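Printed here is entry.pdb (PDB, C-alpha atoms):
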```
ATOM      1  CA  MET A  13      19.192  -1.248  -2.988
ATOM      2  CA  SER A  14      17.358  -3.643  -0.725
ATOM      3  CA  LYS A  15      17.738  -7.353  -1.452
ATOM      4  CA  LYS A  16      14.820  -8.922  -3.291
ATOM      5  CA  LEU A  17      13.289 -11.969  -1.580
ATOM      6  CA  ASP A  18      10.799 -14.476  -2.955
ATOM      7  CA  VAL A  19       7.164 -14.088  -1.989
ATOM      8  CA  LYS A  20       4.059 -15.975  -3.022
ATOM      9  CA  PRO A  21       0.753 -14.120  -3.220
ATOM     10  CA  GLU A  22      -1.810 -15.567  -0.772
ATOM     11  CA  SER A  23      -4.609 -15.385  -3.336
ATOM     12  CA  GLU A  24      -5.080 -14.809  -7.047
ATOM     13  CA  ASN A  25      -6.206 -11.229  -6.399
ATOM     14  CA  GLU A  26      -3.009 -10.294  -4.601
ATOM     15  CA  LEU A  27       0.201  -8.575  -5.658
ATOM     16  CA  ALA A  28       3.208  -8.753  -3.366
ATOM     17  CA  ILE A  29       6.825  -7.760  -2.991
ATOM     18  CA  CYS A  30       9.331  -8.901  -0.381
ATOM     19  CA  ARG A  31      12.649  -7.259   0.453
ATOM     20  CA  LEU A  32      15.380  -7.470   3.034
ATOM     21  CA  ILE A  33      15.804  -3.927   4.333
ATOM     22  CA  ASP A  34      18.994  -2.833   6.027
ATOM     23  CA  ALA A  35      17.236  -1.348   9.066
ATOM     24  CA  PRO A  36      15.500  -2.901  12.083
ATOM     25  CA  PRO A  37      11.694  -3.357  12.138
ATOM     26  CA  GLU A  38      11.330  -0.468  14.621
ATOM     27  CA  LYS A  39      12.716   1.944  12.047
ATOM     28  CA  VAL A  40      10.681   0.537   9.157
ATOM     29  CA  PHE A  41       7.566   0.825  11.304
ATOM     30  CA  ARG A  42       8.424   4.487  11.970
ATOM     31  CA  ALA A  43       8.952   5.031   8.243
ATOM     32  CA  TRP A  44       5.384   3.799   7.660
ATOM     33  CA  THR A  45       3.645   5.559  10.557
ATOM     34  CA  ASP A  46       5.342   8.929  11.069
ATOM     35  CA  PRO A  47       3.839  11.275   8.449
ATOM     36  CA  SER A  48       6.982  13.416   8.294
ATOM     37  CA  LEU A  49       8.903  10.272   7.289
ATOM     38  CA  VAL A  50       6.210   8.797   5.017
ATOM     39  CA  LYS A  51       6.325  12.012   2.972
ATOM     40  CA  GLN A  52       9.977  11.377   2.152
ATOM     41  CA  TRP A  53       9.672   7.999   0.440
ATOM     42  CA  ASN A  54       6.152   6.681  -0.270
ATOM     43  CA  VAL A  55       5.819   7.743  -3.890
ATOM     44  CA  PRO A  56       8.354   7.205  -6.695
ATOM     45  CA  LYS A  57      10.305  10.406  -7.400
ATOM     46  CA  PRO A  58       9.937  12.901  -9.035
ATOM     47  CA  TRP A  59       6.396  12.704  -7.616
ATOM     48  CA  THR A  60       6.163  14.077  -4.096
ATOM     49  CA  ILE A  61       3.762  13.804  -1.176
ATOM     50  CA  SER A  62       2.298  17.226  -0.506
ATOM     51  CA  LYS A  63       0.197  16.185   2.476
ATOM     52  CA  CYS A  64       0.234  13.249   4.856
ATOM     53  CA  GLU A  65      -1.983  12.779   7.901
ATOM     54  CA  MET A  66      -2.311   9.535   9.828
ATOM     55  CA  ASP A  67      -4.256   8.402  12.847
ATOM     56  CA  VAL A  68      -2.364   5.152  13.320
ATOM     57  CA  ARG A  69      -4.829   2.798  15.051
ATOM     58  CA  PRO A  70      -7.530   0.376  13.906
ATOM     59  CA  GLY A  71     -10.293   2.579  12.523
ATOM     60  CA  GLY A  72      -8.000   5.599  12.272
ATOM     61  CA  SER A  73      -7.988   7.608   9.050
ATOM     62  CA  SER A  74      -5.063   8.327   6.801
ATOM     63  CA  LEU A  75      -4.733  10.811   3.987
ATOM     64  CA  MET A  76      -1.806  11.008   1.640
ATOM     65  CA  VAL A  77      -1.826  13.466  -1.254
ATOM     66  CA  MET A  78       0.567  12.631  -4.073
ATOM     67  CA  LYS A  79       1.709  15.398  -6.394
ATOM     68  CA  SER A  80       3.182  15.084  -9.860
ATOM     69  CA  PRO A  81       6.043  17.309 -11.056
ATOM     70  CA  GLU A  82       3.423  19.094 -13.196
ATOM     71  CA  GLY A  83       1.340  19.853 -10.101
ATOM     72  CA  GLN A  84      -1.383  17.220 -10.594
ATOM     73  CA  VAL A  85      -2.583  16.029  -7.182
ATOM     74  CA  MET A  86      -3.877  12.590  -6.302
ATOM     75  CA  PRO A  87      -5.461  12.278  -2.841
ATOM     76  CA  CYS A  88      -5.338   8.773  -1.323
ATOM     77  CA  PRO A  89      -7.677   8.540   1.662
ATOM     78  CA  GLY A  90      -7.958   5.352   3.680
ATOM     79  CA  VAL A  91      -8.428   3.711   7.042
ATOM     80  CA  PHE A  92      -6.171   1.507   9.154
ATOM     81  CA  LEU A  93      -7.633  -1.916   9.897
ATOM     82  CA  GLU A  94      -4.895  -3.361  12.089
ATOM     83  CA  VAL A  95      -1.732  -2.005  13.646
ATOM     84  CA  VAL A  96       0.775  -4.154  15.538
ATOM     85  CA  PRO A  97       3.745  -1.941  16.481
ATOM     86  CA  ASN A  98       6.948  -2.953  14.686
ATOM     87  CA  LYS A  99       5.231  -5.971  13.116
ATOM     88  CA  LYS A 100       2.182  -5.285  10.998
ATOM     89  CA  ILE A 101       0.202  -2.499   9.378
ATOM     90  CA  VAL A 102      -3.037  -3.082   7.491
ATOM     91  CA  PHE A 103      -4.927  -0.335   5.682
ATOM     92  CA  THR A 104      -7.526  -0.017   2.957
ATOM     93  CA  ASP A 105      -9.175   2.470   0.630
ATOM     94  CA  ALA A 106     -12.527   0.690   1.109
ATOM     95  CA  PHE A 107     -13.468   3.274   3.748
ATOM     96  CA  THR A 108     -13.077   7.052   3.734
ATOM     97  CA  LYS A 109     -13.243   7.056   7.541
ATOM     98  CA  ALA A 110     -14.453   4.540  10.135
ATOM     99  CA  TRP A 111     -16.727   3.071   8.846
ATOM    100  CA  GLU A 112     -18.006   4.873   5.774
ATOM    101  CA  PRO A 113     -17.725   2.831   2.567
ATOM    102  CA  SER A 114     -15.701   4.567  -0.116
ATOM    103  CA  ALA A 115     -16.804   5.023  -3.717
ATOM    104  CA  LYS A 116     -14.482   2.239  -4.829
ATOM    105  CA  PRO A 117     -12.947  -0.470  -2.622
ATOM    106  CA  PHE A 118      -9.771  -1.133  -4.595
ATOM    107  CA  PHE A 119      -7.319  -2.844  -2.273
ATOM    108  CA  VAL A 120      -6.130  -3.738   1.219
ATOM    109  CA  GLY A 121      -2.449  -3.173   1.981
ATOM    110  CA  VAL A 122      -0.836  -5.614   4.391
ATOM    111  CA  ILE A 123       2.690  -4.717   5.507
ATOM    112  CA  THR A 124       4.537  -7.255   7.646
ATOM    113  CA  LEU A 125       7.908  -6.720   9.292
ATOM    114  CA  GLU A 126      10.063  -9.589  10.528
ATOM    115  CA  ASP A 127      13.364  -9.165  12.320
ATOM    116  CA  GLU A 128      16.264 -10.837  10.535
ATOM    117  CA  GLY A 129      19.252 -10.244  12.771
ATOM    118  CA  GLY A 130      18.779  -6.486  12.936
ATOM    119  CA  LYS A 131      17.552  -6.190   9.368
ATOM    120  CA  THR A 132      13.902  -6.412   8.304
ATOM    121  CA  LYS A 133      12.186  -8.933   6.109
ATOM    122  CA  TYR A 134       9.664  -6.589   4.596
ATOM    123  CA  THR A 135       6.572  -7.993   2.876
ATOM    124  CA  ALA A 136       4.038  -5.703   1.236
ATOM    125  CA  ARG A 137       0.856  -7.295  -0.062
ATOM    126  CA  ALA A 138      -1.919  -5.590  -2.005
ATOM    127  CA  LYS A 139      -5.133  -7.621  -1.831
ATOM    128  CA  HIS A 140      -7.813  -6.618  -4.312
ATOM    129  CA  TRP A 141     -11.546  -7.216  -4.415
ATOM    130  CA  THR A 142     -11.416  -8.321  -8.045
ATOM    131  CA  LYS A 143      -9.006  -9.959 -10.438
ATOM    132  CA  GLU A 144      -9.562  -7.020 -12.807
ATOM    133  CA  ASP A 145      -8.345  -4.562 -10.172
ATOM    134  CA  ARG A 146      -5.358  -6.758  -9.365
ATOM    135  CA  ASP A 147      -4.406  -6.852 -13.040
ATOM    136  CA  ALA A 148      -4.960  -3.108 -13.432
ATOM    137  CA  HIS A 149      -2.759  -2.436 -10.396
ATOM    138  CA  GLU A 150      -0.051  -4.615 -11.882
ATOM    139  CA  LYS A 151      -0.245  -2.704 -15.175
ATOM    140  CA  MET A 152      -0.101   0.596 -13.263
ATOM    141  CA  GLY A 153       3.367  -0.576 -12.271
ATOM    142  CA  PHE A 154       2.829  -2.051  -8.824
ATOM    143  CA  HIS A 155       6.004  -4.115  -8.680
ATOM    144  CA  ASP A 156       8.377  -1.427  -9.907
ATOM    145  CA  GLY A 157       6.602   1.335  -8.018
ATOM    146  CA  TRP A 158       6.594  -0.399  -4.657
ATOM    147  CA  ALA A 159      10.178  -1.565  -5.117
ATOM    148  CA  ILE A 160      11.342   1.968  -5.922
ATOM    149  CA  CYS A 161       9.532   3.280  -2.840
ATOM    150  CA  THR A 162      11.120   0.575  -0.711
ATOM    151  CA  ASP A 163      14.570   1.622  -1.920
ATOM    152  CA  GLN A 164      13.716   5.267  -1.223
ATOM    153  CA  MET A 165      12.635   4.252   2.286
ATOM    154  CA  GLU A 166      15.863   2.371   2.891
ATOM    155  CA  GLU A 167      17.903   5.368   1.727
ATOM    156  CA  MET A 168      15.963   7.658   4.036
ATOM    157  CA  LEU A 169      16.380   5.301   7.002
ATOM    158  CA  LYS A 170      20.156   5.365   6.575
ATOM    159  CA  LYS A 171      20.084   9.057   7.387
ATOM    160  CA  LEU A 172      17.867   8.738  10.455
TER     161      LEU A 172
ATOM    162  CA  MET B  12     -42.567  -4.974  20.789
ATOM    163  CA  SER B  13     -39.710  -2.537  21.197
ATOM    164  CA  LYS B  14     -40.505   1.151  20.820
ATOM    165  CA  LYS B  15     -39.606   2.641  17.458
ATOM    166  CA  LEU B  16     -37.341   5.718  17.600
ATOM    167  CA  ASP B  17     -36.427   8.161  14.853
ATOM    168  CA  VAL B  18     -33.083   7.740  13.142
ATOM    169  CA  LYS B  19     -31.490   9.587  10.247
ATOM    170  CA  PRO B  20     -29.149   7.690   7.932
ATOM    171  CA  GLU B  21     -25.621   9.170   7.996
ATOM    172  CA  SER B  22     -25.237   8.872   4.228
ATOM    173  CA  GLU B  23     -27.358   8.200   1.163
ATOM    174  CA  ASN B  24     -26.086   4.625   0.980
ATOM    175  CA  GLU B  25     -27.240   3.770   4.498
ATOM    176  CA  LEU B  26     -30.317   2.061   5.897
ATOM    177  CA  ALA B  27     -31.014   2.319   9.622
ATOM    178  CA  ILE B  28     -33.437   1.392  12.344
ATOM    179  CA  CYS B  29     -33.559   2.629  15.933
ATOM    180  CA  ARG B  30     -35.449   1.036  18.815
ATOM    181  CA  LEU B  31     -35.755   1.358  22.567
ATOM    182  CA  ILE B  32     -35.152  -2.144  23.889
ATOM    183  CA  ASP B  33     -36.373  -3.151  27.328
ATOM    184  CA  ALA B  34     -33.033  -4.568  28.456
ATOM    185  CA  PRO B  35     -29.726  -2.960  29.490
ATOM    186  CA  PRO B  36     -26.861  -2.544  26.956
ATOM    187  CA  GLU B  37     -24.900  -5.377  28.628
ATOM    188  CA  LYS B  38     -27.637  -7.850  27.714
ATOM    189  CA  VAL B  39     -28.071  -6.541  24.171
ATOM    190  CA  PHE B  40     -24.316  -6.793  23.686
ATOM    191  CA  ARG B  41     -24.467 -10.431  24.846
ATOM    192  CA  ALA B  42     -27.350 -11.077  22.459
ATOM    193  CA  TRP B  43     -25.107  -9.903  19.604
ATOM    194  CA  THR B  44     -21.868 -11.598  20.636
ATOM    195  CA  ASP B  45     -22.759 -14.934  22.249
ATOM    196  CA  PRO B  46     -23.360 -17.350  19.359
ATOM    197  CA  SER B  47     -25.795 -19.471  21.409
ATOM    198  CA  LEU B  48     -27.923 -16.335  21.862
ATOM    199  CA  VAL B  49     -27.455 -14.954  18.330
ATOM    200  CA  LYS B  50     -28.884 -18.211  16.979
ATOM    201  CA  GLN B  51     -32.140 -17.567  18.780
ATOM    202  CA  TRP B  52     -33.099 -14.244  17.231
ATOM    203  CA  ASN B  53     -30.974 -12.986  14.306
ATOM    204  CA  VAL B  54     -33.150 -14.144  11.418
ATOM    205  CA  PRO B  55     -36.909 -13.642  11.029
ATOM    206  CA  LYS B  56     -38.802 -16.858  11.904
ATOM    207  CA  PRO B  57     -39.603 -19.381  10.516
ATOM    208  CA  TRP B  58     -36.029 -19.187   9.196
ATOM    209  CA  THR B  59     -33.487 -20.472  11.678
ATOM    210  CA  ILE B  60     -29.731 -20.155  12.226
ATOM    211  CA  SER B  61     -28.162 -23.584  11.839
ATOM    212  CA  LYS B  62     -24.617 -22.474  12.617
ATOM    213  CA  CYS B  63     -23.077 -19.472  14.331
ATOM    214  CA  GLU B  64     -19.406 -18.944  15.088
ATOM    215  CA  MET B  65     -17.894 -15.658  16.222
ATOM    216  CA  ASP B  66     -14.436 -14.469  17.122
ATOM    217  CA  VAL B  67     -15.544 -11.184  18.652
ATOM    218  CA  ARG B  68     -12.593  -8.801  18.234
ATOM    219  CA  PRO B  69     -11.373  -6.458  15.497
ATOM    220  CA  GLY B  70     -10.227  -8.725  12.685
ATOM    221  CA  GLY B  71     -12.076 -11.718  14.119
ATOM    222  CA  SER B  72     -14.209 -13.813  11.787
ATOM    223  CA  SER B  73     -17.891 -14.568  12.097
ATOM    224  CA  LEU B  74     -19.987 -17.115  10.292
ATOM    225  CA  MET B  75     -23.744 -17.333  10.514
ATOM    226  CA  VAL B  76     -25.632 -19.862   8.418
ATOM    227  CA  MET B  77     -29.311 -19.081   7.900
ATOM    228  CA  LYS B  78     -31.697 -21.879   7.034
ATOM    229  CA  SER B  79     -35.136 -21.657   5.441
ATOM    230  CA  PRO B  80     -38.039 -23.870   6.531
ATOM    231  CA  GLU B  81     -37.484 -25.766   3.239
ATOM    232  CA  GLY B  82     -33.864 -26.447   4.149
ATOM    233  CA  GLN B  83     -32.203 -23.854   1.899
ATOM    234  CA  VAL B  84     -29.042 -22.594   3.566
ATOM    235  CA  MET B  85     -27.500 -19.149   3.285
ATOM    236  CA  PRO B  86     -24.005 -18.762   4.754
ATOM    237  CA  CYS B  87     -23.121 -15.231   5.895
ATOM    238  CA  PRO B  88     -19.387 -14.936   6.531
ATOM    239  CA  GLY B  89     -17.848 -11.706   7.759
ATOM    240  CA  VAL B  90     -15.279  -9.985   9.894
ATOM    241  CA  PHE B  91     -15.550  -7.691  12.909
ATOM    242  CA  LEU B  92     -14.009  -4.264  12.376
ATOM    243  CA  GLU B  93     -14.597  -2.738  15.799
ATOM    244  CA  VAL B  94     -15.895  -4.023  19.116
ATOM    245  CA  VAL B  95     -16.497  -1.798  22.152
ATOM    246  CA  PRO B  96     -18.048  -3.939  24.894
ATOM    247  CA  ASN B  97     -21.623  -2.944  25.677
ATOM    248  CA  LYS B  98     -21.455   0.023  23.292
ATOM    249  CA  LYS B  99     -20.594  -0.759  19.698
ATOM    250  CA  ILE B 100     -20.183  -3.613  17.229
ATOM    251  CA  VAL B 101     -19.050  -3.112  13.639
ATOM    252  CA  PHE B 102     -18.837  -5.925  11.109
ATOM    253  CA  THR B 103     -18.727  -6.351   7.362
ATOM    254  CA  ASP B 104     -19.025  -8.922   4.592
ATOM    255  CA  ALA B 105     -16.243  -7.159   2.653
ATOM    256  CA  PHE B 106     -13.749  -9.682   4.063
ATOM    257  CA  THR B 107     -14.013 -13.449   4.422
ATOM    258  CA  LYS B 108     -11.331 -13.354   7.115
ATOM    259  CA  ALA B 109      -8.718 -10.783   8.179
ATOM    260  CA  TRP B 110      -7.902  -9.373   5.631
ATOM    261  CA  GLU B 111      -8.995 -11.283   2.558
ATOM    262  CA  PRO B 112     -11.369  -9.308   0.310
ATOM    263  CA  SER B 113     -14.664 -11.108  -0.276
ATOM    264  CA  ALA B 114     -16.267 -11.672  -3.661
ATOM    265  CA  LYS B 115     -18.753  -8.892  -3.023
ATOM    266  CA  PRO B 116     -18.444  -6.113  -0.425
ATOM    267  CA  PHE B 117     -22.133  -5.471   0.222
ATOM    268  CA  PHE B 118     -22.414  -3.671   3.550
ATOM    269  CA  VAL B 119     -20.953  -2.675   6.907
ATOM    270  CA  GLY B 120     -23.179  -3.168   9.942
ATOM    271  CA  VAL B 121     -22.780  -0.649  12.756
ATOM    272  CA  ILE B 122     -24.649  -1.471  15.958
ATOM    273  CA  THR B 123     -24.600   1.146  18.712
ATOM    274  CA  LEU B 124     -25.990   0.687  22.204
ATOM    275  CA  GLU B 125     -26.788   3.610  24.493
ATOM    276  CA  ASP B 126     -28.036   3.287  28.040
ATOM    277  CA  GLU B 127     -31.396   4.939  28.605
ATOM    278  CA  GLY B 128     -32.116   4.440  32.294
ATOM    279  CA  GLY B 129     -31.620   0.694  32.208
ATOM    280  CA  LYS B 130     -33.094   0.274  28.734
ATOM    281  CA  THR B 131     -31.114   0.425  25.510
ATOM    282  CA  LYS B 132     -31.331   2.877  22.670
ATOM    283  CA  TYR B 133     -30.457   0.451  19.906
ATOM    284  CA  THR B 134     -29.309   1.774  16.527
ATOM    285  CA  ALA B 135     -28.513  -0.581  13.672
ATOM    286  CA  ARG B 136     -27.045   0.933  10.540
ATOM    287  CA  ALA B 137     -26.265  -0.846   7.275
ATOM    288  CA  LYS B 138     -23.785   1.158   5.198
ATOM    289  CA  HIS B 139     -23.446   0.047   1.580
ATOM    290  CA  TRP B 140     -20.747   0.610  -1.004
ATOM    291  CA  THR B 141     -23.297   1.603  -3.632
ATOM    292  CA  LYS B 142     -26.710   3.208  -3.849
ATOM    293  CA  GLU B 143     -27.857   0.181  -5.881
ATOM    294  CA  ASP B 144     -26.961  -2.173  -3.046
ATOM    295  CA  ARG B 145     -28.658   0.082  -0.518
ATOM    296  CA  ASP B 146     -31.831   0.080  -2.610
ATOM    297  CA  ALA B 147     -31.653  -3.679  -3.164
ATOM    298  CA  HIS B 148     -31.216  -4.253   0.588
ATOM    299  CA  GLU B 149     -34.256  -2.080   1.230
ATOM    300  CA  LYS B 150     -36.310  -4.073  -1.286
ATOM    301  CA  MET B 151     -35.114  -7.319   0.312
ATOM    302  CA  GLY B 152     -37.027  -6.097   3.355
ATOM    303  CA  PHE B 153     -34.325  -4.518   5.508
ATOM    304  CA  HIS B 154     -36.594  -2.413   7.683
ATOM    305  CA  ASP B 155     -39.172  -5.102   8.427
ATOM    306  CA  GLY B 156     -36.559  -7.834   8.723
ATOM    307  CA  TRP B 157     -34.306  -6.023  11.158
ATOM    308  CA  ALA B 158     -37.292  -4.809  13.178
ATOM    309  CA  ILE B 159     -38.661  -8.361  13.463
ATOM    310  CA  CYS B 160     -35.238  -9.611  14.576
ATOM    311  CA  THR B 161     -35.012  -6.832  17.144
ATOM    312  CA  ASP B 162     -38.372  -7.867  18.575
ATOM    313  CA  GLN B 163     -37.242 -11.500  18.631
ATOM    314  CA  MET B 164     -34.097 -10.422  20.483
ATOM    315  CA  GLU B 165     -36.109  -8.456  23.041
ATOM    316  CA  GLU B 166     -38.365 -11.466  23.624
ATOM    317  CA  MET B 167     -35.364 -13.724  24.103
ATOM    318  CA  LEU B 168     -33.709 -11.295  26.520
ATOM    319  CA  LYS B 169     -36.814 -11.317  28.735
ATOM    320  CA  LYS B 170     -36.169 -14.999  29.398
ATOM    321  CA  LEU B 171     -32.465 -14.619  30.186
TER     322      LEU B 171
END
```

Starting from the coordinates I provided, produce the structure as structure tokens.
Amino acid sequence: MSKKLDVKPESENELAICRLIDAPPEKVFRAWTDPSLVKQWNVPKPWTISKCEMDVRPGGSSLMVMKSPEGQVMPCPGVFLEVVPNKKIVFTDAFTKAWEPSAKPFFVGVITLEDEGGKTKYTARAKHWTKEDRDAHEKMGFHDGWAICTDQMEEMLKKL
Amino acid sequence: MSKKLDVKPESENELAICRLIDAPPEKVFRAWTDPSLVKQWNVPKPWTISKCEMDVRPGGSSLMVMKSPEGQVMPCPGVFLEVVPNKKIVFTDAFTKAWEPSAKPFFVGVITLEDEGGKTKYTARAKHWTKEDRDAHEKMGFHDGWAICTDQMEEMLKKL
């Protein structure tokens, strides 16, 4: 399990987790940007990711399809807003592709990676357009869900 | 007056105008990205722009403050999403700065510039998150307002 670190949300509409991951930022960046790797960790098991496509650049589209054990599918389309290799990834569901507004702008994900002597200080922030959405995301299990995924990522990276 | 060209909105939530401007794309791009120039044309007179600041790059902030003849001020903060020199500018009010969600994501502005033998085919699209916002923007006078601004820009560019 990755070590939990303190993190303060940057606004009242934000949820955040911070972990120390036992892998260098280069590997964590790969885990987030290589679809074949993303599929292995980015949803809490026993859910799986049945499809993952990513055009990793500002304005590039991403599509991740989550699948429940019962076969229910949940497509998550989005667009990257900012990509700094090995340091930062920003994406949002506010656009379906560059630059078409989506039906519901729910959140912006900001992932930052900081080198800590070969490990990675990993901060994942979810910034919402409304307090209601922030609270709903929290009730959906944001903190546990993202923490579980982070542990799954760390496990996967050990085998890389 | 710039020549009106046909343009088809790319979605039902979009408003658009298209004009042939008697100036090359390089000058129109400057008109959109040099704050001292933007101040001269980007609101229908007799309104004025009392403040204009722009960090013209993806993720860069912009702030334009419009001022009515009676002194009422209307701040318009936003963020650039994409900038291709002399070709394309994309901005939105969905963020107050990179990447803080704003109180109300209203629209994305997509400005495209195409060279037409030394003139510019100028397309300005406003893509909204909802049909209601698109309709409200139309009622606020989008088509006339943006056309008047375009003419003001063309007039200004003649003197550059």

May I have the residues of chain B within 8 Å of chain A, counting only C-alpha atoms, written as JSON, numbers by chain?
{"B": [69, 70, 92, 93, 110, 111, 112, 113, 114, 115, 119, 138, 139, 140, 141]}

Between CA of Thr124 (chain A) and CA of Gly157 (chain A), what is the distance, to one decimal in Å?
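Computed distance, CA of Thr124 (chain A) to CA of Gly157 (chain A), equals 18.0 Å.
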
Between CA of Lys109 (chain A) and CA of Thr162 (chain A), what is the spacing in Å?
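CA of Lys109 (chain A) lies at a distance of 26.5 Å from CA of Thr162 (chain A).
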
Write out as an MDAnalysis selection string which residues come within 9 Å of Lys56 (chain B) when counting only C-alpha atoms, dropping same-chain ones fewer than 6 positions away.
chainID B and resid 79:80 159:160 163

Residue members of the PyMOL selection byres ((chain B and resi 162) around 12) in the file shown, as an MDAnalysis selection string:
chainID B and resid 12:15 29:34 39 51:56 133 155:161 163:169

Find the distance between CA of Met66 (chain A) and CA of Thr45 (chain A) and write it in Å to one decimal.
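Answer for the CA of Met66 (chain A) to CA of Thr45 (chain A) separation: 7.2 Å.
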
Report as a PyMOL selection string the residues that result from applying the PyMOL selection byres ((chain A and resi 79) around 6) to the structure here.
chain A and resi 59-61+78+80+83-85

So that I can check the surroundings of Ala27 (chain B), please list as a ChimeraX atom specification every protein, DNA and RNA residue that reaches within 6 Å of it, counting all atoms listed in the file and ignoring chain neighbours fewer than 3 positions away.
/B:20,135-136

In terms of the shortest atom-to-atom distance over only C-alpha atoms, which of B:Glu23, B:Asp104, B:Asp66, B:Asp126 is closest to Pro36 (chain B)?
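Checking each of B:Glu23, B:Asp104, B:Asp66, B:Asp126 against Pro36 (chain B), counting only C-alpha atoms, the winner is B:Asp126.
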
Which one is closest to Asn97 (chain B): B:His154, B:Arg145, B:Glu125, B:Arg68? Count all atoms listed in the file.
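Ranking B:His154, B:Arg145, B:Glu125, B:Arg68 by distance to Asn97 (chain B), first place goes to B:Glu125.
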
Provide an axis-aligned box for all listed atoms of region 107-125 of chain A, padding each side by 6 Å; report its centre and its edge lengths in Å to one decimal, as JSON.
```
{"center_x": -5.0, "center_y": -0.1, "center_z": 2.7, "size_x": 37.9, "size_y": 26.3, "size_z": 27.0}
```

Distance query Ser73 (chain B) at most 6 Å, only C-alpha atoms, self and fewer than 6 positions along chain excluded, as number ranges by chain
B: 64-65, 88-90
